[in-house]
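J.: Here you go, upload.pdb (PDB, C-alpha atoms and all ligand atoms):
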ATOM      1  CA  MET A  15       3.021 -32.438   3.966
ATOM      2  CA  ASP A  16       0.452 -29.736   4.628
ATOM      3  CA  LYS A  17      -0.273 -28.860   8.210
ATOM      4  CA  ILE A  18      -1.887 -26.580  10.724
ATOM      5  CA  ILE A  19      -0.151 -25.257  13.796
ATOM      6  CA  LYS A  20      -2.358 -23.868  16.502
ATOM      7  CA  GLY A  21      -1.502 -22.037  19.641
ATOM      8  CA  VAL A  22      -2.672 -19.636  22.286
ATOM      9  CA  LEU A  23      -1.159 -16.238  22.971
ATOM     10  CA  PHE A  24      -1.172 -13.909  25.991
ATOM     11  CA  ASN A  25      -1.740 -16.816  28.364
ATOM     12  CA  GLY A  26      -4.853 -17.924  26.533
ATOM     13  CA  LYS A  27      -6.435 -14.589  25.659
ATOM     14  CA  ALA A  28      -6.040 -15.073  21.928
ATOM     15  CA  ARG A  29      -5.701 -18.059  19.708
ATOM     16  CA  ILE A  30      -3.757 -18.477  16.545
ATOM     17  CA  ALA A  31      -3.642 -20.896  13.633
ATOM     18  CA  LEU A  32      -0.952 -21.054  10.968
ATOM     19  CA  ILE A  33      -1.871 -23.119   7.961
ATOM     20  CA  GLU A  34       0.297 -24.450   5.178
ATOM     21  CA  SER A  35      -1.848 -25.692   2.305
ATOM     22  CA  THR A  36       0.587 -25.875  -0.636
ATOM     23  CA  GLU A  37       0.053 -29.572  -1.470
ATOM     24  CA  THR A  38      -3.696 -29.214  -1.027
ATOM     25  CA  VAL A  39      -3.756 -26.395  -3.581
ATOM     26  CA  ASN A  40      -1.549 -28.349  -5.980
ATOM     27  CA  LYS A  41      -3.898 -31.299  -5.759
ATOM     28  CA  ALA A  42      -6.855 -29.004  -6.488
ATOM     29  CA  ILE A  43      -4.980 -27.564  -9.492
ATOM     30  CA  LYS A  44      -4.381 -31.072 -10.838
ATOM     31  CA  ILE A  45      -7.931 -32.321 -10.287
ATOM     32  CA  HIS A  46      -9.725 -29.254 -11.627
ATOM     33  CA  ASP A  47      -7.153 -27.947 -14.128
ATOM     34  CA  LEU A  48      -7.261 -24.533 -12.454
ATOM     35  CA  THR A  49      -5.830 -21.371 -13.966
ATOM     36  CA  PRO A  50      -3.402 -19.563 -11.624
ATOM     37  CA  LEU A  51      -6.220 -17.134 -10.792
ATOM     38  CA  ALA A  52      -8.682 -19.930  -9.998
ATOM     39  CA  ALA A  53      -5.979 -21.640  -7.935
ATOM     40  CA  ALA A  54      -5.434 -18.450  -5.947
ATOM     41  CA  ALA A  55      -9.134 -18.096  -5.193
ATOM     42  CA  LEU A  56      -9.865 -21.747  -4.443
ATOM     43  CA  GLY A  57      -6.571 -22.059  -2.542
ATOM     44  CA  ARG A  58      -7.568 -19.256  -0.197
ATOM     45  CA  ALA A  59     -11.000 -20.809   0.266
ATOM     46  CA  LEU A  60      -9.456 -24.244   0.957
ATOM     47  CA  THR A  61      -7.238 -22.636   3.598
ATOM     48  CA  ILE A  62     -10.299 -21.125   5.289
ATOM     49  CA  GLY A  63     -11.974 -24.524   5.021
ATOM     50  CA  ALA A  64      -9.016 -26.223   6.675
ATOM     51  CA  TYR A  65      -9.302 -23.777   9.531
ATOM     52  CA  ILE A  66     -13.035 -24.372   9.945
ATOM     53  CA  GLU A  67     -12.488 -28.129   9.794
ATOM     54  CA  THR A  68      -9.867 -28.237  12.517
ATOM     55  CA  ASN A  69     -12.144 -26.258  14.808
ATOM     56  CA  LEU A  70     -14.982 -28.766  14.587
ATOM     57  CA  LYS A  71     -15.375 -30.507  17.913
ATOM     58  CA  SER A  72     -16.389 -34.010  16.911
ATOM     59  CA  GLU A  73     -15.029 -36.331  14.201
ATOM     60  CA  SER A  74     -18.520 -36.704  12.749
ATOM     61  CA  ASP A  75     -19.085 -32.918  12.448
ATOM     62  CA  ARG A  76     -19.095 -31.560   8.916
ATOM     63  CA  PHE A  77     -19.047 -28.159   7.279
ATOM     64  CA  ASN A  78     -19.722 -26.512   3.945
ATOM     65  CA  LEU A  79     -18.249 -23.182   2.916
ATOM     66  CA  ILE A  80     -20.000 -21.514  -0.013
ATOM     67  CA  ILE A  81     -18.745 -18.276  -1.531
ATOM     68  CA  ASN A  82     -20.942 -16.679  -4.141
ATOM     69  CA  GLY A  83     -19.746 -13.227  -5.170
ATOM     70  CA  GLY A  84     -21.267 -13.051  -8.636
ATOM     71  CA  GLY A  85     -17.837 -12.830 -10.322
ATOM     72  CA  PRO A  86     -16.613 -14.818 -13.337
ATOM     73  CA  ILE A  87     -15.251 -17.679 -11.203
ATOM     74  CA  GLY A  88     -18.812 -18.553 -10.191
ATOM     75  CA  LYS A  89     -19.544 -20.201  -6.880
ATOM     76  CA  ILE A  90     -16.770 -21.655  -4.731
ATOM     77  CA  TYR A  91     -17.501 -24.696  -2.588
ATOM     78  CA  VAL A  92     -15.294 -26.182   0.132
ATOM     79  CA  SER A  93     -16.156 -29.014   2.483
ATOM     80  CA  SER A  94     -14.699 -32.039   4.187
ATOM     81  CA  ASP A  95     -15.520 -35.741   4.473
ATOM     82  CA  ARG A  96     -13.235 -36.669   7.323
ATOM     83  CA  PRO A  97     -10.932 -35.036   9.865
ATOM     84  CA  HIS A  98      -7.795 -33.279   8.623
ATOM     85  CA  THR A  99      -8.982 -33.151   5.034
ATOM     86  CA  VAL A 100     -10.648 -30.632   2.783
ATOM     87  CA  LYS A 101     -11.928 -30.623  -0.777
ATOM     88  CA  GLY A 102     -13.261 -27.894  -3.002
ATOM     89  CA  LEU A 103     -14.314 -26.741  -6.421
ATOM     90  CA  VAL A 104     -15.111 -23.612  -8.383
ATOM     91  CA  GLU A 105     -17.751 -23.309 -11.078
ATOM     92  CA  ASN A 106     -15.339 -21.831 -13.628
ATOM     93  CA  PRO A 107     -11.853 -23.319 -13.147
ATOM     94  CA  GLN A 108     -10.652 -21.636 -16.354
ATOM     95  CA  VAL A 109     -11.327 -18.083 -15.138
ATOM     96  CA  ASP A 110      -8.674 -15.595 -16.171
ATOM     97  CA  LEU A 111      -8.381 -11.820 -15.711
ATOM     98  CA  PRO A 112      -5.585  -9.308 -16.334
ATOM     99  CA  ILE A 113      -2.988  -9.028 -13.556
ATOM    100  CA  ARG A 114      -3.660  -6.087 -11.231
ATOM    101  CA  LYS A 115      -1.524  -2.945 -11.323
ATOM    102  CA  ASP A 116       0.328  -4.076  -8.163
ATOM    103  CA  GLY A 117       1.348  -7.292  -9.928
ATOM    104  CA  LYS A 118      -1.061  -9.535  -7.995
ATOM    105  CA  LEU A 119      -3.724 -11.863  -9.326
ATOM    106  CA  ASP A 120      -7.152 -10.268  -9.297
ATOM    107  CA  VAL A 121      -8.856 -12.680  -6.901
ATOM    108  CA  GLY A 122     -11.379 -10.032  -5.859
ATOM    109  CA  GLY A 123     -12.322  -9.474  -9.484
ATOM    110  CA  ALA A 124     -12.710 -13.192 -10.110
ATOM    111  CA  VAL A 125     -14.791 -13.859  -7.009
ATOM    112  CA  GLY A 126     -16.804 -10.628  -7.091
ATOM    113  CA  LYS A 127     -18.384  -9.009  -4.056
ATOM    114  CA  ASN A 128     -22.071  -9.024  -4.898
ATOM    115  CA  GLY A 129     -23.101 -11.883  -2.728
ATOM    116  CA  ASP A 130     -22.209 -13.685   0.435
ATOM    117  CA  LEU A 131     -19.990 -16.087   2.275
ATOM    118  CA  VAL A 132     -21.948 -18.860   3.940
ATOM    119  CA  VAL A 133     -20.723 -21.418   6.449
ATOM    120  CA  VAL A 134     -22.966 -24.383   7.206
ATOM    121  CA  LYS A 135     -21.893 -26.616  10.075
ATOM    122  CA  ASP A 136     -23.514 -29.957  10.708
ATOM    123  CA  LEU A 137     -22.718 -30.536  14.357
ATOM    124  CA  GLY A 138     -24.985 -33.541  14.783
ATOM    125  CA  LEU A 139     -27.806 -31.382  16.109
ATOM    126  CA  LYS A 140     -31.352 -31.243  14.815
ATOM    127  CA  GLU A 141     -30.653 -28.200  12.665
ATOM    128  CA  PRO A 142     -27.346 -27.254  11.056
ATOM    129  CA  TYR A 143     -25.625 -24.053  12.133
ATOM    130  CA  ILE A 144     -25.745 -21.518   9.296
ATOM    131  CA  GLY A 145     -23.622 -18.354   9.357
ATOM    132  CA  ARG A 146     -23.864 -15.855   6.553
ATOM    133  CA  CYS A 147     -22.175 -12.582   5.749
ATOM    134  CA  LYS A 148     -22.036 -10.200   2.785
ATOM    135  CA  LEU A 149     -18.755 -10.241   0.894
ATOM    136  CA  VAL A 150     -16.595  -7.144   1.347
ATOM    137  CA  SER A 151     -13.998  -7.412  -1.418
ATOM    138  CA  GLY A 152     -13.970 -10.960  -2.788
ATOM    139  CA  GLU A 153     -10.306 -11.202  -1.782
ATOM    140  CA  LEU A 154     -11.473 -13.722   0.837
ATOM    141  CA  ALA A 155      -9.147 -12.885   3.759
ATOM    142  CA  GLU A 156     -11.027  -9.657   4.361
ATOM    143  CA  ASP A 157     -14.305 -11.438   3.741
ATOM    144  CA  TYR A 158     -13.595 -14.177   6.260
ATOM    145  CA  THR A 159     -12.483 -11.577   8.818
ATOM    146  CA  ASN A 160     -15.777  -9.827   8.321
ATOM    147  CA  TYR A 161     -17.661 -13.119   8.563
ATOM    148  CA  LEU A 162     -16.001 -14.123  11.836
ATOM    149  CA  TYR A 163     -16.705 -10.729  13.348
ATOM    150  CA  LYS A 164     -20.240 -10.137  12.141
ATOM    151  CA  SER A 165     -21.585 -13.658  12.107
ATOM    152  CA  GLU A 166     -19.726 -15.315  14.979
ATOM    153  CA  GLY A 167     -18.882 -12.189  17.007
ATOM    154  CA  ILE A 168     -15.138 -12.840  17.062
ATOM    155  CA  LEU A 169     -12.552 -10.047  16.872
ATOM    156  CA  ASN A 170      -9.970 -11.489  14.515
ATOM    157  CA  ALA A 171      -7.351 -11.033  11.840
ATOM    158  CA  VAL A 172      -6.887 -13.175   8.741
ATOM    159  CA  ALA A 173      -4.066 -13.340   6.197
ATOM    160  CA  LEU A 174      -4.338 -15.726   3.241
ATOM    161  CA  GLY A 175      -2.140 -16.273   0.227
ATOM    162  CA  VAL A 176      -1.377 -18.493  -2.732
ATOM    163  CA  LEU A 177       1.935 -18.078  -4.541
ATOM    164  CA  ASN A 178       2.045 -19.624  -7.995
ATOM    165  CA  ASP A 179       4.998 -20.374 -10.215
ATOM    166  CA  SER A 180       5.326 -22.160 -13.538
ATOM    167  CA  ASN A 181       5.036 -25.563 -11.792
ATOM    168  CA  GLY A 182       1.785 -24.750 -10.017
ATOM    169  CA  CYS A 183       1.489 -23.575  -6.440
ATOM    170  CA  LYS A 184       4.822 -22.777  -4.806
ATOM    171  CA  ALA A 185       3.379 -21.963  -1.400
ATOM    172  CA  ALA A 186      -0.057 -21.410   0.060
ATOM    173  CA  GLY A 187      -1.561 -20.934   3.460
ATOM    174  CA  GLY A 188      -2.690 -18.446   5.989
ATOM    175  CA  ILE A 189      -2.609 -17.081   9.485
ATOM    176  CA  ILE A 190      -5.751 -16.575  11.528
ATOM    177  CA  ILE A 191      -5.882 -14.958  14.942
ATOM    178  CA  GLU A 192      -8.949 -14.810  17.129
ATOM    179  CA  ALA A 193      -9.069 -12.601  20.200
ATOM    180  CA  LEU A 194     -10.984 -14.249  23.026
ATOM    181  CA  PRO A 195     -13.495 -12.236  25.042
ATOM    182  CA  ASP A 196     -11.065 -11.116  27.776
ATOM    183  CA  ALA A 197      -8.474  -9.794  25.322
ATOM    184  CA  ASP A 198      -7.628  -6.143  25.997
ATOM    185  CA  ASP A 199      -7.035  -3.265  23.564
ATOM    186  CA  ASN A 200      -3.278  -3.389  24.007
ATOM    187  CA  MET A 201      -3.142  -7.025  22.896
ATOM    188  CA  VAL A 202      -5.316  -6.279  19.901
ATOM    189  CA  PHE A 203      -2.967  -3.414  19.001
ATOM    190  CA  ILE A 204       0.089  -5.691  19.231
ATOM    191  CA  LEU A 205      -1.578  -8.361  17.106
ATOM    192  CA  GLU A 206      -2.660  -5.843  14.469
ATOM    193  CA  ASP A 207       0.924  -4.618  14.312
ATOM    194  CA  ILE A 208       2.245  -8.171  13.829
ATOM    195  CA  MET A 209      -0.388  -8.967  11.203
ATOM    196  CA  SER A 210       0.920  -6.063   9.093
ATOM    197  CA  ASN A 211       3.918  -8.323   8.334
ATOM    198  CA  PHE A 212       1.691 -10.797   6.522
ATOM    199  CA  THR A 213       0.572  -8.829   3.480
ATOM    200  CA  ASN A 214       2.421 -11.442   1.408
ATOM    201  CA  VAL A 215       1.934 -14.470   3.603
ATOM    202  CA  SER A 216       2.498 -17.101   0.902
ATOM    203  CA  GLN A 217       5.948 -15.665   0.116
ATOM    204  CA  LEU A 218       6.764 -15.777   3.819
ATOM    205  CA  ILE A 219       5.587 -19.397   4.036
ATOM    206  CA  ALA A 220       7.788 -20.249   1.028
ATOM    207  CA  GLU A 221      10.801 -18.675   2.740
ATOM    208  CA  LYS A 222      10.352 -19.713   6.367
ATOM    209  CA  GLY A 223       7.628 -22.337   6.754
ATOM    210  CA  ILE A 224       4.929 -21.971   9.378
ATOM    211  CA  GLU A 225       6.912 -23.336  12.365
ATOM    212  CA  GLU A 226       9.474 -20.592  12.036
ATOM    213  CA  ILE A 227       6.774 -17.958  11.459
ATOM    214  CA  ALA A 228       4.986 -19.127  14.621
ATOM    215  CA  ASN A 229       8.121 -18.893  16.733
ATOM    216  CA  PHE A 230       9.530 -15.736  15.226
ATOM    217  CA  TYR A 231       6.400 -13.590  15.233
ATOM    218  CA  PHE A 232       4.400 -15.035  18.111
ATOM    219  CA  GLY A 233       6.777 -16.993  20.349
ATOM    220  CA  HIS A 234       7.403 -14.045  22.692
ATOM    221  CA  LEU A 235       3.728 -13.278  23.372
ATOM    222  CA  ASP A 236       3.234 -15.608  26.372
ATOM    223  CA  ALA A 237       2.602 -18.221  23.742
ATOM    224  CA  GLU A 238       1.902 -21.892  23.840
ATOM    225  CA  ILE A 239       2.319 -23.419  20.390
ATOM    226  CA  PHE A 240       0.869 -26.912  19.900
ATOM    227  CA  PRO A 241       2.275 -29.695  17.700
ATOM    228  CA  ALA A 242       1.363 -29.516  14.019
ATOM    229  CA  GLU A 243      -1.720 -31.359  12.792
ATOM    230  CA  LYS A 244      -1.611 -32.757   9.274
ATOM    231  CA  LEU A 245      -3.882 -31.619   6.492
ATOM    232  CA  GLY A 246      -4.625 -32.804   2.951
ATOM    233  CA  TYR A 247      -7.001 -32.724   0.014
ATOM    234  CA  LYS A 248      -9.190 -35.780   0.065
ATOM    235  CA  CYS A 249     -12.543 -36.748  -1.380
ATOM    236  CA  ASP A 250     -14.417 -39.726   0.048
ATOM    237  CA  CYS A 251     -17.145 -39.797  -2.527
ATOM    238  CA  TRP A 252     -17.495 -43.563  -2.995
ATOM    239  CA  ALA A 253     -20.060 -44.093  -0.250
ATOM    240  CA  LYS A 254     -21.853 -40.847  -1.039
ATOM    241  CA  ILE A 255     -22.256 -41.685  -4.737
ATOM    242  CA  ARG A 256     -23.539 -45.127  -3.833
ATOM    243  CA  ARG A 257     -26.080 -43.489  -1.511
ATOM    244  CA  ILE A 258     -27.238 -41.208  -4.343
ATOM    245  CA  VAL A 259     -27.642 -44.148  -6.718
ATOM    246  CA  ARG A 260     -29.538 -46.138  -4.104
ATOM    247  CA  GLY A 261     -31.708 -43.081  -3.541
ATOM    248  CA  LEU A 262     -32.879 -43.264  -7.152
ATOM    249  CA  GLY A 263     -34.324 -46.693  -6.474
ATOM    250  CA  ARG A 264     -33.615 -49.956  -8.267
ATOM    251  CA  ALA A 265     -36.370 -49.580 -10.877
ATOM    252  CA  GLU A 266     -35.172 -46.135 -11.958
ATOM    253  CA  VAL A 267     -31.524 -47.244 -12.112
ATOM    254  CA  GLU A 268     -32.481 -50.336 -14.103
ATOM    255  CA  ASP A 269     -34.360 -48.125 -16.577
ATOM    256  CA  ILE A 270     -31.391 -45.789 -17.039
ATOM    257  CA  ILE A 271     -29.001 -48.700 -17.548
ATOM    258  CA  LYS A 272     -31.409 -50.319 -20.007
ATOM    259  CA  GLU A 273     -31.755 -47.102 -22.006
ATOM    260  CA  GLN A 274     -28.172 -45.847 -21.895
ATOM    261  CA  GLY A 275     -26.225 -49.035 -21.289
ATOM    262  CA  MET A 276     -24.860 -47.645 -18.060
ATOM    263  CA  LEU A 277     -25.370 -45.087 -15.318
ATOM    264  CA  GLU A 278     -22.518 -42.626 -15.120
ATOM    265  CA  ILE A 279     -21.966 -40.194 -12.262
ATOM    266  CA  LYS A 280     -19.007 -37.871 -11.923
ATOM    267  CA  CYS A 281     -17.889 -36.493  -8.570
ATOM    268  CA  ASP A 282     -17.467 -32.725  -8.863
ATOM    269  CA  TYR A 283     -14.874 -32.597  -6.091
ATOM    270  CA  CYS A 284     -12.361 -35.173  -7.369
ATOM    271  CA  ARG A 285     -13.515 -35.672 -10.999
ATOM    272  CA  LYS A 286     -13.683 -39.392 -10.409
ATOM    273  CA  ASN A 287     -16.124 -41.093 -12.747
ATOM    274  CA  TYR A 288     -18.429 -43.822 -11.460
ATOM    275  CA  VAL A 289     -19.939 -46.147 -14.037
ATOM    276  CA  TYR A 290     -22.613 -48.676 -13.108
ATOM    277  CA  THR A 291     -23.896 -51.360 -15.429
ATOM    278  CA  GLU A 292     -26.344 -54.229 -15.109
ATOM    279  CA  LYS A 293     -23.855 -56.410 -13.258
ATOM    280  CA  ASP A 294     -23.605 -53.818 -10.456
ATOM    281  CA  LEU A 295     -27.317 -53.812  -9.676
ATOM    282  CA  ASP A 296     -27.342 -56.622  -7.129
ATOM    283  CA  TYR A 297     -24.367 -55.230  -5.301
ATOM    284  CA  LEU A 298     -25.789 -51.687  -5.361
ATOM    285  CA  PHE A 299     -29.137 -52.643  -3.966
ATOM    286  CA  GLU A 300     -28.198 -55.449  -1.660
ATOM    287  CA  GLU A 301     -29.762 -55.001   1.722
ATOM    288  CA  LYS A 302     -27.422 -54.011   4.479
ATOM    289  CA  LYS A 303     -26.560 -56.960   6.625
TER     290      LYS A 303
HETATM  291 ZN    ZN B 401     -14.977 -37.375  -5.156
END
Have the structure of the file written as structure tokens, please.
T.:
Amino acid sequence: MDKIIKGVLFNGKARIALIESTETVNKAIKIHDLTPLAAAALGRALTIGAYIETNLKSESDRFNLIINGGGPIGKIYVSSDRPHTVKGLVENPQVDLPIRKDGKLDVGGAVGKNGDLVVVKDLGLKEPYIGRCKLVSGELAEDYTNYLYKSEGILNAVALGVLNDSNGCKAAGGIIIEALPDADDNMVFILEDIMSNFTNVSQLIAEKGIEEIANFYFGHLDAEIFPAEKLGYKCDCWAKIRRIVRGLGRAEVEDIIKEQGMLEIKCDYCRKNYVYTEKDLDYLFEEKK
């Protein structure tokens, strides 16, 4: 089961989240038939999305993460329909590039860095919150660090990773630390030093799991580590698709069904196919009781 462990360090002067997203990434690979490179990029983005989701205050709050770096993977979208879930897609799931000289997948090359990372949060207010930041490398950890600092004013550190093997994703996840306003330079120095251990965070997650990482690397820092919260890939498109169809209006839908024999809509996030025919019309357009 995927999960997020959160905690506070230095008696509440910094907060930490450790995320394990292996199953989520494997589900994305299966749904979208991702290449290992696409899985690495979307997996990192899904891990960021999981972090954003768990920081929403209300169960009805929603977010969208859009990464558009101009690279061959195209745009990356991540969002969530309900608490403790994420879903995502990339425009080109078949993207492939040569392995980098250091043996790693070229996520930065796939994503590109000519564009921005945008976070839209619907917090139930009149206007959504929109944060936007230029991409730095397309590697996504660095880009999200930059986003948190420049757009939300938070001093932070982010490590993200996806480790693939011949069966798919072997381990994926990340570690995100945010320094709160009364953090001092010494704490930031200590945290930077610890973060240098996470250059290959997915390998570490495969070996130790996030509970052990939390205790081993952070347990001594006046830490309070909270119980794990579960996380998974889930798409609740049924109601949304029905809303879209209803939005077309009965006359329009009837015309399409008459001309084409059916109305077919595919959900981009879960690849589920919805087919409506004449017999669905009454049910689709019945007035809400
Ligand atoms: Zn769906």
J.: Take atom CA of Leu174 of chain A and atom CA of Phe232 of chain A and report the distance between them in Å, one decimal.
T.: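 Atom CA of Phe232 of chain A lies 17.3 Å from atom CA of Leu174 of chain A.
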J.: Please provide as a list in words all residues within 12 Å of Ile45 of chain A, with the sequence filter that same-chain residues fewer than 6 positions apart are discarded (counting all atoms listed in the file).
T.: Thr38, Val39, Ala53, Lys101, Gly102, Leu103, Val104, Pro107, Tyr247, Lys248, Cys249, Cys281, Asp282, Tyr283, Cys284, Arg285 and Lys286 of chain A
J.: Just the selected residues (C-alpha atoms), exported as a short mmCIF file (atom, residue, chain, number, x, y, z; two decimals), in the frame of the given file, please.
T.:
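See result-v1.cif below for the written result:
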data_model
loop_
_atom_site.label_atom_id
_atom_site.label_comp_id
_atom_site.auth_asym_id
_atom_site.auth_seq_id
_atom_site.Cartn_x
_atom_site.Cartn_y
_atom_site.Cartn_z
CA THR A 38 -3.70 -29.21 -1.03
CA VAL A 39 -3.76 -26.40 -3.58
CA ALA A 53 -5.98 -21.64 -7.94
CA LYS A 101 -11.93 -30.62 -0.78
CA GLY A 102 -13.26 -27.89 -3.00
CA LEU A 103 -14.31 -26.74 -6.42
CA VAL A 104 -15.11 -23.61 -8.38
CA PRO A 107 -11.85 -23.32 -13.15
CA TYR A 247 -7.00 -32.72 0.01
CA LYS A 248 -9.19 -35.78 0.06
CA CYS A 249 -12.54 -36.75 -1.38
CA CYS A 281 -17.89 -36.49 -8.57
CA ASP A 282 -17.47 -32.72 -8.86
CA TYR A 283 -14.87 -32.60 -6.09
CA CYS A 284 -12.36 -35.17 -7.37
CA ARG A 285 -13.52 -35.67 -11.00
CA LYS A 286 -13.68 -39.39 -10.41
#
J.: Given the file shown, determine the residues that the PyMOL selection byres (((chain A and resi 115-119) around 12) and not hetatm) selects; report them as a list in words.
T.: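 Residues picked by the PyMOL selection byres (((chain A and resi 115-119) around 12) and not hetatm): Thr49, Pro50, Leu51, Ala52, Ala53, Ala54, Ala55, Val109, Asp110, Leu111, Pro112, Ile113, Arg114, Asp120, Val121, Gly122, Gly123, Ala124, Val125, Glu153, Gly175, Val176, Leu177, Asn178, Thr213 and Asn214 of chain A.
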J.: Could you write those residues out with C-alpha atoms, as a PDB file, in the coordinates of the input?
T.:
ATOM      1  CA  THR A  49      -5.830 -21.371 -13.966  1.00  0.00           C
ATOM      2  CA  PRO A  50      -3.402 -19.563 -11.624  1.00  0.00           C
ATOM      3  CA  LEU A  51      -6.220 -17.134 -10.792  1.00  0.00           C
ATOM      4  CA  ALA A  52      -8.682 -19.930  -9.998  1.00  0.00           C
ATOM      5  CA  ALA A  53      -5.979 -21.640  -7.935  1.00  0.00           C
ATOM      6  CA  ALA A  54      -5.434 -18.450  -5.947  1.00  0.00           C
ATOM      7  CA  ALA A  55      -9.134 -18.096  -5.193  1.00  0.00           C
ATOM      8  CA  VAL A 109     -11.327 -18.083 -15.138  1.00  0.00           C
ATOM      9  CA  ASP A 110      -8.674 -15.595 -16.171  1.00  0.00           C
ATOM     10  CA  LEU A 111      -8.381 -11.820 -15.711  1.00  0.00           C
ATOM     11  CA  PRO A 112      -5.585  -9.308 -16.334  1.00  0.00           C
ATOM     12  CA  ILE A 113      -2.988  -9.028 -13.556  1.00  0.00           C
ATOM     13  CA  ARG A 114      -3.660  -6.087 -11.231  1.00  0.00           C
ATOM     14  CA  ASP A 120      -7.152 -10.268  -9.297  1.00  0.00           C
ATOM     15  CA  VAL A 121      -8.856 -12.680  -6.901  1.00  0.00           C
ATOM     16  CA  GLY A 122     -11.379 -10.032  -5.859  1.00  0.00           C
ATOM     17  CA  GLY A 123     -12.322  -9.474  -9.484  1.00  0.00           C
ATOM     18  CA  ALA A 124     -12.710 -13.192 -10.110  1.00  0.00           C
ATOM     19  CA  VAL A 125     -14.791 -13.859  -7.009  1.00  0.00           C
ATOM     20  CA  GLU A 153     -10.306 -11.202  -1.782  1.00  0.00           C
ATOM     21  CA  GLY A 175      -2.140 -16.273   0.227  1.00  0.00           C
ATOM     22  CA  VAL A 176      -1.377 -18.493  -2.732  1.00  0.00           C
ATOM     23  CA  LEU A 177       1.935 -18.078  -4.541  1.00  0.00           C
ATOM     24  CA  ASN A 178       2.045 -19.624  -7.995  1.00  0.00           C
ATOM     25  CA  THR A 213       0.572  -8.829   3.480  1.00  0.00           C
ATOM     26  CA  ASN A 214       2.421 -11.442   1.408  1.00  0.00           C
TER      27      ASN A 214
END
J.: Need to verify the contact set: segment 149-152 of chain A, 12 Å, only C-alpha atoms, exclusion of same-chain residues closer than 6 positions in sequence. Can you return it as JSON, numbers by chain?
T.: {"A": [54, 55, 56, 58, 59, 80, 81, 82, 83, 84, 85, 86, 87, 88, 89, 90, 120, 121, 122, 123, 124, 125, 126, 127, 128, 129, 130, 131, 132, 158, 159, 160, 161, 162, 164]}
J.: Could the centre and edge lengths of an axis-aligned box, enclosing all atoms of segment 263-268 of chain A in the file with 8 Å extra on each side, be given in Å to one decimal as JSON?
T.:
{"center_x": -33.9, "center_y": -48.2, "center_z": -10.3, "size_x": 20.8, "size_y": 20.2, "size_z": 23.6}
J.: Taking 3 positions as the minimum chain separation for residues in the same chain, which residues sit within 7 Å of segment 26-36 of chain A when counting all atoms listed in the file? Answer as a list in words.
T.: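 Listed by chain and then number, they are Asp16, Lys17, Ile18, Ile19, Lys20, Gly21, Val22, Leu23, Val39, Asn40, Thr61, Cys183, Lys184, Ala185, Ala186, Gly187, Gly188, Ile189, Ile190, Ile191, Glu192, Ala193, Leu194, Asp196, Ala197 and Ile224 of chain A.
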J.: Specify as a PyMOL selection string each residue included when the PyMOL selection byres (((chain A and resi 70) around 12) and not hetatm) is applied to this file.
T.: chain A and resi 63-69+71-78+94+96-98+134-138+143
J.: Using only C-alpha atoms and all ligand atoms, can you tell me which of A:Asp95, A:Asp269, A:Asp207, A:Asp199 comes closest to ligand ZN 401 (chain B)?
T.: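 Smallest distance to ligand ZN 401 (chain B) is found for A:Asp95.
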J.: Calculated over only C-alpha atoms, which of the candidates A:Val289, A:Tyr91, A:Glu166, A:Ile204 has the smallest distance to Trp252 of chain A?
T.: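 Going through A:Val289, A:Tyr91, A:Glu166, A:Ile204 one by one, the smallest distance to Trp252 of chain A is for A:Val289.
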J.: Counting all atoms listed in the file, figure out which residue out of A:Val172, A:Leu262, A:Leu295, A:Cys251 gets nearest to ligand ZN 401 (chain B).
T.: A:Cys251
